[in-house]
$ cat structure-v3.cif   # mmCIF, C-alpha atoms and all ligand atoms
data_work
#
loop_
_atom_site.label_atom_id
_atom_site.label_comp_id
_atom_site.auth_asym_id
_atom_site.auth_seq_id
_atom_site.Cartn_x
_atom_site.Cartn_y
_atom_site.Cartn_z
CA MET A 1 0.59 -4.04 19.86
CA SER A 2 0.92 -4.84 16.19
CA ASP A 3 1.38 -1.87 13.83
CA ASP A 4 -0.41 -3.51 10.95
CA LYS A 5 -3.88 -3.06 12.33
CA GLU A 6 -5.83 -0.22 10.73
CA HIS A 7 -6.66 1.53 13.99
CA GLY A 8 -3.68 0.38 16.05
CA SER A 9 -2.14 3.85 15.92
CA GLY A 10 -3.09 7.38 14.99
CA ALA A 11 -2.47 11.05 15.70
CA VAL A 12 -1.78 10.51 19.40
CA GLU A 13 1.52 8.89 20.29
CA PRO A 14 1.35 5.64 22.25
CA GLY A 15 1.35 6.36 25.97
CA ASP A 16 0.78 10.11 25.54
CA THR A 17 -1.67 11.17 28.23
CA SER A 18 -1.60 14.85 27.25
CA LYS A 19 -3.95 14.24 24.34
CA ARG A 20 -7.12 12.27 23.92
CA VAL A 21 -8.05 10.20 20.93
CA GLY A 22 -11.64 10.79 21.99
CA ALA A 23 -11.13 14.49 21.25
CA GLU A 24 -8.83 14.13 18.24
CA VAL A 25 -11.33 11.98 16.35
CA ILE A 26 -13.82 14.83 16.68
CA ARG A 27 -11.28 17.31 15.30
CA GLU A 28 -10.49 14.94 12.44
CA ARG A 29 -14.17 15.05 11.55
CA GLY A 30 -14.23 18.83 11.31
CA LEU A 31 -15.50 19.92 14.73
CA ASP A 32 -13.35 21.84 17.19
CA PRO A 33 -13.61 19.94 20.51
CA GLU A 34 -12.62 23.06 22.49
CA GLU A 35 -15.43 25.07 20.91
CA LEU A 36 -17.86 22.23 21.57
CA ARG A 37 -16.95 21.83 25.22
CA GLU A 38 -17.31 25.58 25.85
CA LYS A 39 -20.75 25.41 24.24
CA LEU A 40 -21.57 22.48 26.51
CA ILE A 41 -20.54 24.45 29.61
CA ASP A 42 -22.89 27.27 28.56
CA ALA A 43 -25.66 24.74 27.95
CA VAL A 44 -25.32 22.93 31.28
CA GLY A 45 -25.09 26.36 32.94
CA ALA A 46 -28.60 26.95 31.63
CA GLU A 47 -29.76 23.53 32.84
CA PHE A 48 -28.37 24.15 36.31
CA THR A 49 -29.73 27.69 36.68
CA THR A 50 -33.08 26.64 35.28
CA TYR A 51 -33.22 23.85 37.86
CA TYR A 52 -32.72 26.52 40.50
CA TYR A 53 -35.23 28.97 39.04
CA TYR A 54 -37.86 26.28 38.52
CA THR A 55 -37.69 25.56 42.24
CA ASN A 56 -38.94 29.07 42.88
CA LEU A 57 -41.44 29.05 40.03
CA ARG A 58 -42.93 25.73 41.14
CA MET A 59 -43.41 26.98 44.70
CA HIS A 60 -45.32 30.00 43.48
CA LEU A 61 -47.84 27.87 41.61
CA ALA A 62 -49.51 27.68 45.03
CA GLY A 63 -52.69 25.65 45.11
CA GLU A 64 -52.24 24.36 41.55
CA GLU A 65 -51.06 20.87 42.38
CA ASP A 66 -51.29 19.57 38.82
CA TYR A 67 -49.23 22.48 37.49
CA LYS A 68 -46.73 22.01 40.29
CA GLU A 69 -46.34 18.36 39.38
CA ILE A 70 -45.57 19.17 35.75
CA ALA A 71 -43.14 21.95 36.76
CA GLU A 72 -41.46 19.47 39.10
CA ASP A 73 -40.97 16.94 36.29
CA ALA A 74 -39.36 19.63 34.14
CA ARG A 75 -37.26 20.87 37.07
CA LEU A 76 -35.83 17.47 37.95
CA GLU A 77 -35.19 16.62 34.32
CA ASP A 78 -33.10 19.77 33.98
CA ARG A 79 -30.98 18.49 36.83
CA ALA A 80 -30.71 15.17 34.96
CA HIS A 81 -29.57 17.08 31.86
CA PHE A 82 -26.86 18.81 33.88
CA GLU A 83 -25.73 15.49 35.33
CA LEU A 84 -25.73 13.76 31.96
CA VAL A 85 -23.49 16.25 30.18
CA VAL A 86 -21.02 17.33 32.89
CA PRO A 87 -18.82 14.22 32.49
CA ARG A 88 -18.64 14.92 28.76
CA ILE A 89 -17.14 18.36 29.45
CA TYR A 90 -14.30 16.72 31.39
CA GLU A 91 -13.77 14.12 28.67
CA LEU A 92 -13.21 17.06 26.34
CA GLU A 93 -10.69 18.52 28.81
CA GLY A 94 -12.98 21.27 30.02
CA SER A 95 -14.09 22.01 33.55
CA LEU A 96 -16.89 23.72 35.41
CA PRO A 97 -16.10 27.28 36.51
CA ASN A 98 -14.88 27.46 40.10
CA ASP A 99 -17.12 30.43 40.81
CA ILE A 100 -20.82 29.65 40.48
CA ARG A 101 -21.43 33.28 39.53
CA ASP A 102 -19.26 32.83 36.44
CA PHE A 103 -21.17 29.66 35.68
CA ALA A 104 -24.56 31.36 35.96
CA ASP A 105 -23.41 34.32 33.89
CA ARG A 106 -22.40 32.19 30.96
CA ALA A 107 -25.60 30.11 30.91
CA SER A 108 -26.99 29.99 27.40
CA CYS A 109 -30.54 30.90 28.45
CA PRO A 110 -32.04 33.89 30.29
CA ASP A 111 -32.77 33.68 34.00
CA ALA A 112 -36.22 32.15 34.53
CA GLU A 113 -37.12 34.42 37.42
CA VAL A 114 -40.45 34.63 39.20
CA PRO A 115 -42.13 37.41 37.20
CA THR A 116 -42.94 39.71 40.08
CA PRO A 117 -40.90 42.24 42.07
CA MET A 118 -39.15 41.30 45.32
CA ASP A 119 -39.21 43.84 48.14
CA ASP A 120 -36.24 45.00 50.23
CA SER A 121 -36.77 42.26 52.80
CA GLY A 122 -36.60 39.53 50.18
CA ASN A 123 -40.30 38.81 49.84
CA PHE A 124 -42.02 38.60 46.51
CA ASP A 125 -44.85 41.02 45.94
CA THR A 126 -47.35 38.36 44.90
CA SER A 127 -50.35 40.68 44.69
CA ASP A 128 -50.22 40.77 40.90
CA LEU A 129 -48.61 37.38 40.32
CA THR A 130 -50.71 35.11 38.14
CA VAL A 131 -50.40 31.47 37.19
CA GLU A 132 -50.31 32.40 33.52
CA ASP A 133 -47.33 34.69 34.08
CA ILE A 134 -45.40 31.82 35.66
CA LEU A 135 -46.43 29.39 32.92
CA GLU A 136 -45.18 31.82 30.29
CA VAL A 137 -41.74 31.99 31.95
CA LEU A 138 -41.64 28.19 32.06
CA LEU A 139 -42.65 27.94 28.40
CA GLU A 140 -40.02 30.37 27.18
CA ALA A 141 -37.31 28.62 29.22
CA GLU A 142 -38.18 25.35 27.47
CA ARG A 143 -38.01 27.05 24.10
CA CYS A 144 -34.54 28.34 24.85
CA ALA A 145 -33.51 24.81 25.83
CA ILE A 146 -34.88 23.40 22.55
CA ARG A 147 -32.89 25.97 20.58
CA THR A 148 -29.74 25.24 22.60
CA TRP A 149 -29.80 21.46 22.25
CA SER A 150 -30.85 21.66 18.59
CA GLU A 151 -27.75 23.73 17.93
CA ILE A 152 -25.60 21.14 19.71
CA CYS A 153 -27.24 18.35 17.71
CA ASP A 154 -26.38 20.27 14.54
CA MET A 155 -22.77 20.76 15.63
CA THR A 156 -22.22 17.12 16.55
CA ARG A 157 -24.39 15.12 14.17
CA GLU A 158 -21.58 14.17 11.80
CA ALA A 159 -18.57 14.54 14.07
CA ASP A 160 -19.30 13.42 17.61
CA PRO A 161 -21.82 10.61 18.09
CA ARG A 162 -21.33 10.55 21.87
CA THR A 163 -22.31 14.19 22.43
CA TYR A 164 -24.96 13.94 19.75
CA ASP A 165 -26.57 11.02 21.59
CA MET A 166 -26.72 13.06 24.81
CA ALA A 167 -28.02 16.19 23.09
CA GLN A 168 -30.75 14.41 21.16
CA ARG A 169 -31.94 12.63 24.31
CA ILE A 170 -32.15 15.95 26.15
CA LEU A 171 -33.86 17.55 23.16
CA ASN A 172 -36.53 14.84 23.29
CA GLU A 173 -37.38 15.87 26.83
CA GLU A 174 -37.24 19.61 26.16
CA ILE A 175 -39.79 19.15 23.38
CA ASP A 176 -41.98 17.23 25.84
CA HIS A 177 -41.63 20.13 28.27
CA GLU A 178 -42.63 22.75 25.72
CA ALA A 179 -45.74 20.74 24.88
CA TRP A 180 -46.68 20.51 28.58
CA PHE A 181 -46.47 24.25 29.11
CA ILE A 182 -48.25 25.08 25.85
CA GLU A 183 -51.12 22.90 27.08
CA LEU A 184 -51.23 24.51 30.52
CA LEU A 185 -50.79 28.11 29.34
CA SER A 186 -53.37 27.75 26.55
CA LYS A 187 -55.94 26.51 29.05
CA GLU A 188 -55.07 28.96 31.80
CA ARG A 189 -54.68 32.11 29.72
CA ASP A 190 -56.89 31.56 26.69
CA GLY A 191 -59.36 28.87 27.76
CA GLU A 192 -58.13 26.81 24.81
CA ILE A 193 -57.67 23.06 24.70
CA ASN A 194 -54.25 22.44 23.22
CA PRO A 195 -53.24 18.90 24.21
CA ALA A 196 -49.62 18.01 24.90
CA GLY A 197 -50.44 14.41 24.12
CA HIS A 198 -48.66 13.31 27.31
CA PHE A 199 -49.39 12.48 30.89
CA ALA A 200 -47.22 13.33 33.90
CA ARG A 201 -44.08 11.19 34.30
CA GLY A 202 -44.47 7.95 36.25
CA GLU A 203 -42.19 9.25 38.97
CA PRO A 204 -41.32 12.94 39.36
CA GLY A 205 -38.54 13.84 36.95
CA ASP A 206 -38.27 10.36 35.43
CA ALA A 207 -36.10 11.66 32.57
CA PRO A 208 -37.01 8.71 30.31
CA TYR A 209 -34.52 9.66 27.61
CA SER A 210 -31.73 11.42 29.46
CA THR A 211 -31.42 9.81 32.87
CA ASN A 212 -27.83 9.19 33.81
CA ASN A 213 -26.44 5.97 35.21
CA ARG A 214 -28.13 5.63 38.56
CA PHE A 215 -25.14 5.65 40.88
CA ASN A 216 -27.55 6.23 43.75
CA ASP A 217 -31.18 7.07 44.28
CA SER A 218 -30.68 10.83 43.87
CA ALA A 219 -28.74 10.70 40.59
FE FE B 301 -33.24 20.70 30.34
FE FE B 302 -36.88 21.53 30.03
#
$ encode --input "structure-v3.cif" --output "structure tokens" --more "lines below"
Ligand SMILES: [Fe+2]
Ligand SMILES: [Fe+2]
Amino acid sequence: MSDDKEHGSGAVEPGDTSKRVGAEVIRERGLDPEELREKLIDAVGAEFTTYYYYTNLRMHLAGEEDYKEIAEDARLEDRAHFELVVPRIYELEGSLPNDIRDFADRASCPDAEVPTPMDDSGNFDTSDLTVEDILEVLLEAERCAIRTWSEICDMTREADPRTYDMAQRILNEEIDHEAWFIELLSKERDGEINPAGHFARGEPGDAPYSTNNRFNDSA
């Protein structure tokens, strides 16, 4: 390769596989790629655990098929967010924790648990469980996600267009999700009409902004 081309060489020696230009260009622009990738692991930890918790929350919206459908869209899109960003962590020489407990512990958002006690035999005490309680958990989980991905947009805006593109696409969907749950909670709890301005996704969990390359039908 000719040496006289502007970008023909740089901080990484030719043939050196111990470093990545894709990470060094981020560092050269003032962002620490190690700090970013650790932040991304925390963020996808929250997407993954929220996907799990939403499974339980959705089930306990028993008899509220329209609410279940919206919760399902948000649930599947969190899985899409996890799938979208995990490869980026490896590009930045990070990895997912081997122990899922470590992964859950470092998630950047609180556990979105069903807001009712569970008895010793593992059954929820649903006697006092209300739809509005569940909707409030869902709403606050979305708000945490908006804060998380906004922070990652801020970190990457000038330094890392690839991560920024992922984060802003996820943020688009998290803002959709907040609007959905504001609409549902306002109606359910306060009898107020507070339109999201949206309709349910065409297919459950369509992820119109963040969907990953569709390697197969479940991706
Ligand atoms: Fe998400
Ligand atoms: Fe969300």
$ residues_near_ligand --input "structure-v3.cif" --ligand "ligand FE 301 (chain B)" --cutoff "8 Å" --atoms "only C-alpha atoms and all ligand atoms" --output "CSV table (one decimal) with C-alpha atoms, keeping the file's coordinate frame"
chain,number,residue,atom,x,y,z
A,46,ALA,CA,-28.6,27.0,31.6
A,47,GLU,CA,-29.8,23.5,32.8
A,50,THR,CA,-33.1,26.6,35.3
A,74,ALA,CA,-39.4,19.6,34.1
A,75,ARG,CA,-37.3,20.9,37.1
A,77,GLU,CA,-35.2,16.6,34.3
A,78,ASP,CA,-33.1,19.8,34.0
A,79,ARG,CA,-31.0,18.5,36.8
A,80,ALA,CA,-30.7,15.2,35.0
A,81,HIS,CA,-29.6,17.1,31.9
A,82,PHE,CA,-26.9,18.8,33.9
A,142,GLU,CA,-38.2,25.4,27.5
A,145,ALA,CA,-33.5,24.8,25.8
A,170,ILE,CA,-32.2,16.0,26.2
A,171,LEU,CA,-33.9,17.6,23.2
A,173,GLU,CA,-37.4,15.9,26.8
A,174,GLU,CA,-37.2,19.6,26.2
$ closest_residue --input "structure-v3.cif" --among "A:Met166, A:Leu138, A:Val131, A:Ile26" --to "ligand FE 302 (chain B)" --atoms "all atoms listed in the file"
A:Leu138
$ atom_distance --input "structure-v3.cif" --atom1 "atom CA of Tyr52 of chain A" --atom2 "atom CA of Cys153 of chain A"
24.8 Å
$ residues_around --input "structure-v3.cif" --residues "Glu178 of chain A" --least-positions-apart "5" --cutoff "12 Å" --atoms "all atoms listed in the file" --output "number ranges by chain"
A: 70-71, 74, 135-147, 171-173, 183-186, 194-198
$ write_last_selection --input "structure-v3.cif" --atoms "C-alpha atoms" --output "PDB file, in the coordinates of the input"
ATOM      1  CA  ILE A  70     -45.570  19.170  35.750  1.00  0.00           C
ATOM      2  CA  ALA A  71     -43.140  21.950  36.760  1.00  0.00           C
ATOM      3  CA  ALA A  74     -39.360  19.630  34.140  1.00  0.00           C
ATOM      4  CA  LEU A 135     -46.430  29.390  32.920  1.00  0.00           C
ATOM      5  CA  GLU A 136     -45.180  31.820  30.290  1.00  0.00           C
ATOM      6  CA  VAL A 137     -41.740  31.990  31.950  1.00  0.00           C
ATOM      7  CA  LEU A 138     -41.640  28.190  32.060  1.00  0.00           C
ATOM      8  CA  LEU A 139     -42.650  27.940  28.400  1.00  0.00           C
ATOM      9  CA  GLU A 140     -40.020  30.370  27.180  1.00  0.00           C
ATOM     10  CA  ALA A 141     -37.310  28.620  29.220  1.00  0.00           C
ATOM     11  CA  GLU A 142     -38.180  25.350  27.470  1.00  0.00           C
ATOM     12  CA  ARG A 143     -38.010  27.050  24.100  1.00  0.00           C
ATOM     13  CA  CYS A 144     -34.540  28.340  24.850  1.00  0.00           C
ATOM     14  CA  ALA A 145     -33.510  24.810  25.830  1.00  0.00           C
ATOM     15  CA  ILE A 146     -34.880  23.400  22.550  1.00  0.00           C
ATOM     16  CA  ARG A 147     -32.890  25.970  20.580  1.00  0.00           C
ATOM     17  CA  LEU A 171     -33.860  17.550  23.160  1.00  0.00           C
ATOM     18  CA  ASN A 172     -36.530  14.840  23.290  1.00  0.00           C
ATOM     19  CA  GLU A 173     -37.380  15.870  26.830  1.00  0.00           C
ATOM     20  CA  GLU A 183     -51.120  22.900  27.080  1.00  0.00           C
ATOM     21  CA  LEU A 184     -51.230  24.510  30.520  1.00  0.00           C
ATOM     22  CA  LEU A 185     -50.790  28.110  29.340  1.00  0.00           C
ATOM     23  CA  SER A 186     -53.370  27.750  26.550  1.00  0.00           C
ATOM     24  CA  ASN A 194     -54.250  22.440  23.220  1.00  0.00           C
ATOM     25  CA  PRO A 195     -53.240  18.900  24.210  1.00  0.00           C
ATOM     26  CA  ALA A 196     -49.620  18.010  24.900  1.00  0.00           C
ATOM     27  CA  GLY A 197     -50.440  14.410  24.120  1.00  0.00           C
ATOM     28  CA  HIS A 198     -48.660  13.310  27.310  1.00  0.00           C
TER      29      HIS A 198
END
$ closest_residue --input "structure-v3.cif" --among "A:Leu31, A:Met155, A:Leu76, A:Ile89" --to "ligand FE 302 (chain B)" --atoms "all atoms listed in the file"
A:Leu76
$ residues_around --input "structure-v3.cif" --residues "Arg20 of chain A" --least-positions-apart "6" --cutoff "12 Å" --atoms "all atoms listed in the file" --output "PyMOL selection string"
chain A and resi 10-14+26-27+33+90-93
$ atom_distance --input "structure-v3.cif" --atom1 "atom CA of Ile152 of chain A" --atom2 "atom CA of Ala167 of chain A"
6.5 Å
$ atom_distance --input "structure-v3.cif" --atom1 "atom CA of Asn56 of chain A" --atom2 "atom CA of Val114 of chain A"
6.8 Å
$ closest_residue --input "structure-v3.cif" --among "A:Gly15, A:Pro208, A:Pro110, A:Gly30" --to "Glu158 of chain A" --atoms "only C-alpha atoms"
A:Gly30
$ residues_near_point --input "structure-v3.cif" --point "(-28.2, 32.8, 38.0)" --cutoff "9 Å" --atoms "only C-alpha atoms" --output "list in words"
Gly45, Ala46, Phe48, Thr49, Thr50, Tyr52, Tyr53, Ile100, Arg101, Phe103, Ala104, Asp105, Ala107, Pro110, Asp111 and Ala112 of chain A
$ closest_residue --input "structure-v3.cif" --among "A:Val44, A:Ile182, A:Leu61, A:Ile175" --to "Thr126 of chain A" --atoms "only C-alpha atoms"
A:Leu61
$ residues_near_point --input "structure-v3.cif" --point "(-45.3, 27.9, 43.1)" --cutoff "10 Å" --atoms "all atoms listed in the file" --output "ChimeraX atom specification"
/A:54-65,67-68,71,114,131,134
$ build_atoms --input "structure-v3.cif" --residues "segment 80-96 of chain A" --atoms "N, CA and C atoms" --output "PDB file, keeping the file's coordinate frame"
ATOM      1  N   ALA A  80     -31.219  16.364  35.658  1.00  0.00           N
ATOM      2  CA  ALA A  80     -30.710  15.170  34.960  1.00  0.00           C
ATOM      3  C   ALA A  80     -29.893  15.565  33.733  1.00  0.00           C
ATOM      4  N   HIS A  81     -30.312  16.630  33.053  1.00  0.00           N
ATOM      5  CA  HIS A  81     -29.570  17.080  31.860  1.00  0.00           C
ATOM      6  C   HIS A  81     -28.189  17.597  32.268  1.00  0.00           C
ATOM      7  N   PHE A  82     -28.155  18.334  33.343  1.00  0.00           N
ATOM      8  CA  PHE A  82     -26.860  18.810  33.880  1.00  0.00           C
ATOM      9  C   PHE A  82     -25.967  17.606  34.196  1.00  0.00           C
ATOM     10  N   GLU A  83     -26.528  16.652  34.917  1.00  0.00           N
ATOM     11  CA  GLU A  83     -25.730  15.490  35.330  1.00  0.00           C
ATOM     12  C   GLU A  83     -25.248  14.668  34.138  1.00  0.00           C
ATOM     13  N   LEU A  84     -26.084  14.586  33.119  1.00  0.00           N
ATOM     14  CA  LEU A  84     -25.730  13.760  31.960  1.00  0.00           C
ATOM     15  C   LEU A  84     -24.529  14.330  31.217  1.00  0.00           C
ATOM     16  N   VAL A  85     -24.477  15.644  31.084  1.00  0.00           N
ATOM     17  CA  VAL A  85     -23.490  16.250  30.180  1.00  0.00           C
ATOM     18  C   VAL A  85     -22.197  16.663  30.892  1.00  0.00           C
ATOM     19  N   VAL A  86     -22.239  16.888  32.195  1.00  0.00           N
ATOM     20  CA  VAL A  86     -21.020  17.330  32.890  1.00  0.00           C
ATOM     21  C   VAL A  86     -19.819  16.388  32.655  1.00  0.00           C
ATOM     22  N   PRO A  87     -20.000  15.079  32.744  1.00  0.00           N
ATOM     23  CA  PRO A  87     -18.820  14.220  32.490  1.00  0.00           C
ATOM     24  C   PRO A  87     -18.244  14.422  31.089  1.00  0.00           C
ATOM     25  N   ARG A  88     -19.107  14.729  30.141  1.00  0.00           N
ATOM     26  CA  ARG A  88     -18.640  14.920  28.760  1.00  0.00           C
ATOM     27  C   ARG A  88     -17.706  16.133  28.656  1.00  0.00           C
ATOM     28  N   ILE A  89     -17.991  17.162  29.447  1.00  0.00           N
ATOM     29  CA  ILE A  89     -17.140  18.360  29.450  1.00  0.00           C
ATOM     30  C   ILE A  89     -15.724  17.984  29.893  1.00  0.00           C
ATOM     31  N   TYR A  90     -15.624  17.126  30.897  1.00  0.00           N
ATOM     32  CA  TYR A  90     -14.300  16.720  31.390  1.00  0.00           C
ATOM     33  C   TYR A  90     -13.607  15.797  30.394  1.00  0.00           C
ATOM     34  N   GLU A  91     -14.380  14.960  29.727  1.00  0.00           N
ATOM     35  CA  GLU A  91     -13.770  14.120  28.670  1.00  0.00           C
ATOM     36  C   GLU A  91     -13.137  14.990  27.598  1.00  0.00           C
ATOM     37  N   LEU A  92     -13.729  16.142  27.360  1.00  0.00           N
ATOM     38  CA  LEU A  92     -13.210  17.060  26.340  1.00  0.00           C
ATOM     39  C   LEU A  92     -12.242  18.070  26.948  1.00  0.00           C
ATOM     40  N   GLU A  93     -11.723  17.742  28.115  1.00  0.00           N
ATOM     41  CA  GLU A  93     -10.690  18.520  28.810  1.00  0.00           C
ATOM     42  C   GLU A  93     -11.161  19.902  29.228  1.00  0.00           C
ATOM     43  N   GLY A  94     -12.447  20.031  29.452  1.00  0.00           N
ATOM     44  CA  GLY A  94     -12.980  21.270  30.020  1.00  0.00           C
ATOM     45  C   GLY A  94     -13.217  21.089  31.504  1.00  0.00           C
ATOM     46  N   SER A  95     -13.741  22.127  32.141  1.00  0.00           N
ATOM     47  CA  SER A  95     -14.090  22.010  33.550  1.00  0.00           C
ATOM     48  C   SER A  95     -15.184  23.026  33.878  1.00  0.00           C
ATOM     49  N   LEU A  96     -15.894  22.756  34.952  1.00  0.00           N
ATOM     50  CA  LEU A  96     -16.890  23.720  35.410  1.00  0.00           C
ATOM     51  C   LEU A  96     -16.178  24.904  36.043  1.00  0.00           C
TER      52      LEU A  96
END
